[in-house]
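These notes concern the structure reproduced below.
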Amino acid sequence: MEPARQIREILKALREKVDVLPAAGGALEDMLHPDAEEQEERVFTDERTFDAIWERAKGGERVSLYRPTPSIARAEKHLFRYFLDGSLRSYFLGTALEGDRDTPVHYAQIGACVLYRRDDGTVQREHLKVRHLLLASKQRLSEEAWLFLESLCRNTPVVLEDLAMPDFISRAYSDMDLRVRAGGKTRYKMRELEAELMQEILPKLSDTCWLVADGSLMFQPVLQSLMKCGKTMIPVLGVSKNFRKDPQFVFGRGPRAERFSVYSLLANLKHEHRTAAFSAYHGQVAFWYVRLRPQGAVDYPLMGVVKCELVTPNQEPVPTELIDLLSSVLVAERNVTPHGRDRRWHAHLYPIYLAEQAIRNAFYSREVVQQLMRWR
């Protein structure tokens, strides 16, 4: 039986055990908060001021705050061959009522995909995983009702998740109601799935074959696994389209030190240039910003900029020439872009966009979910 139909049977059986206030239309799709990635990044690290330059130039040359990174096309240097992205769709199904207890019930589809790009530029799907989640709060149901729900999900492809159980990302939503926390929990499980795929692809990577992962590498399951690789440099580049807007940066030492907000730092960042790399997570991560598009082509100075991350297991600065190379190759990835089809078009990397589309094509449509996942 398909997962959607199995979930419908679970809901029908659960309704015999508890009262239910169904969502309008049977299933109401949750709209993601646009600042979700920024909010979660604050949980990754409590650092807010970054003053350690985490790159080293040849011959002791002084590292500059901005460096040119002219585009290096794939035909000249095909460095990025694997691309990883995750996606999700979440639906509010209704509220389960049991005496003075109540819990929202959510259904979510999460997926992660790795694409491999050949030398001619065509891509193939290397790995694709999709999982189905049913989310509710164990604390808001009686033990009998929760055990019954667990038994209904057993031996099915449906994974039952407890909304109240604390985890790394859910702490970002700890002060919010359970319906909002459901989105954080779903994103956390999606990132775990991405970490699984990353582990499967790591043996195929090398100095000349890199993986570009959408999002921050400071997510704990990802960071922990990469730190244990036993390599001095791990060929995985994390690229974030959305990033925190509250960091402060200090460049230089002593009375000549300059202080920047992320806005002032990026307002002066020219097209096809990058910032210096800074240290985060106690020297475990080097990060910097790259401008993919000229400011005149976008509506806002922070548009067209991506944040890049490398994990540094030896907790030592990264060679400047490597960061320059990665940034120049990344600049060439901005085309083709899904202009007009995604609000993040200005910071999209097209293979990442294709990976996301592959996942979404494997999901049930909203119409299917609304039709099948009914309590009656």
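Letters for chains follow the order of the structure tokens (A, B, ...), residue numbers begin at 1 for each chain, and ligand numbers begin at 1 in the order shown.
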Report as a ChimeraX atom specification all protein, DNA and RNA residues lying within 12 Å of Leu147 in chain A, evaluated on only C-alpha atoms, omitting residues in the same chain fewer than 6 positions from it. /A:14,17,138,141,153-154,160
From the list A:Thr275, A:Thr156, A:Thr232, A:Thr186, the nearest residue to Ser327 in chain A using only C-alpha atoms is A:Thr275
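Nearest-residue note for Val368 in chain A: choosing from A:Ala27, A:Leu21, A:Leu349, A:Ala96, the minimum distance belongs to A:Ala27, counting only C-alpha atoms.
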When DSSP works through the backbone of this structure, what residues of range 102-173 of chain A end up as strand (DSSP E), shown as a VMD selection string? chain A and resid 102 to 117 123 to 136 158 to 162
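Among the candidates A:Ala267, A:Val236, A:Ala362, A:Leu65, the one nearest to Glu309 in chain A when counting only C-alpha atoms is A:Val236.
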Quick one: everything within 10 Å of His106 in chain A, counting only C-alpha atoms, minus sequence neighbours fewer than 2 positions away in the same chain. Send it as a PyMOL selection string. chain A and resi 27-30+90-95+103-104+108+133-136+161+163+179+182-183+186
Which residue out of A:Gln370, A:Ser142, A:Gln284, A:Gln199 has the minimum interatomic distance to Val18 in chain A when only C-alpha atoms are used? A:Ser142
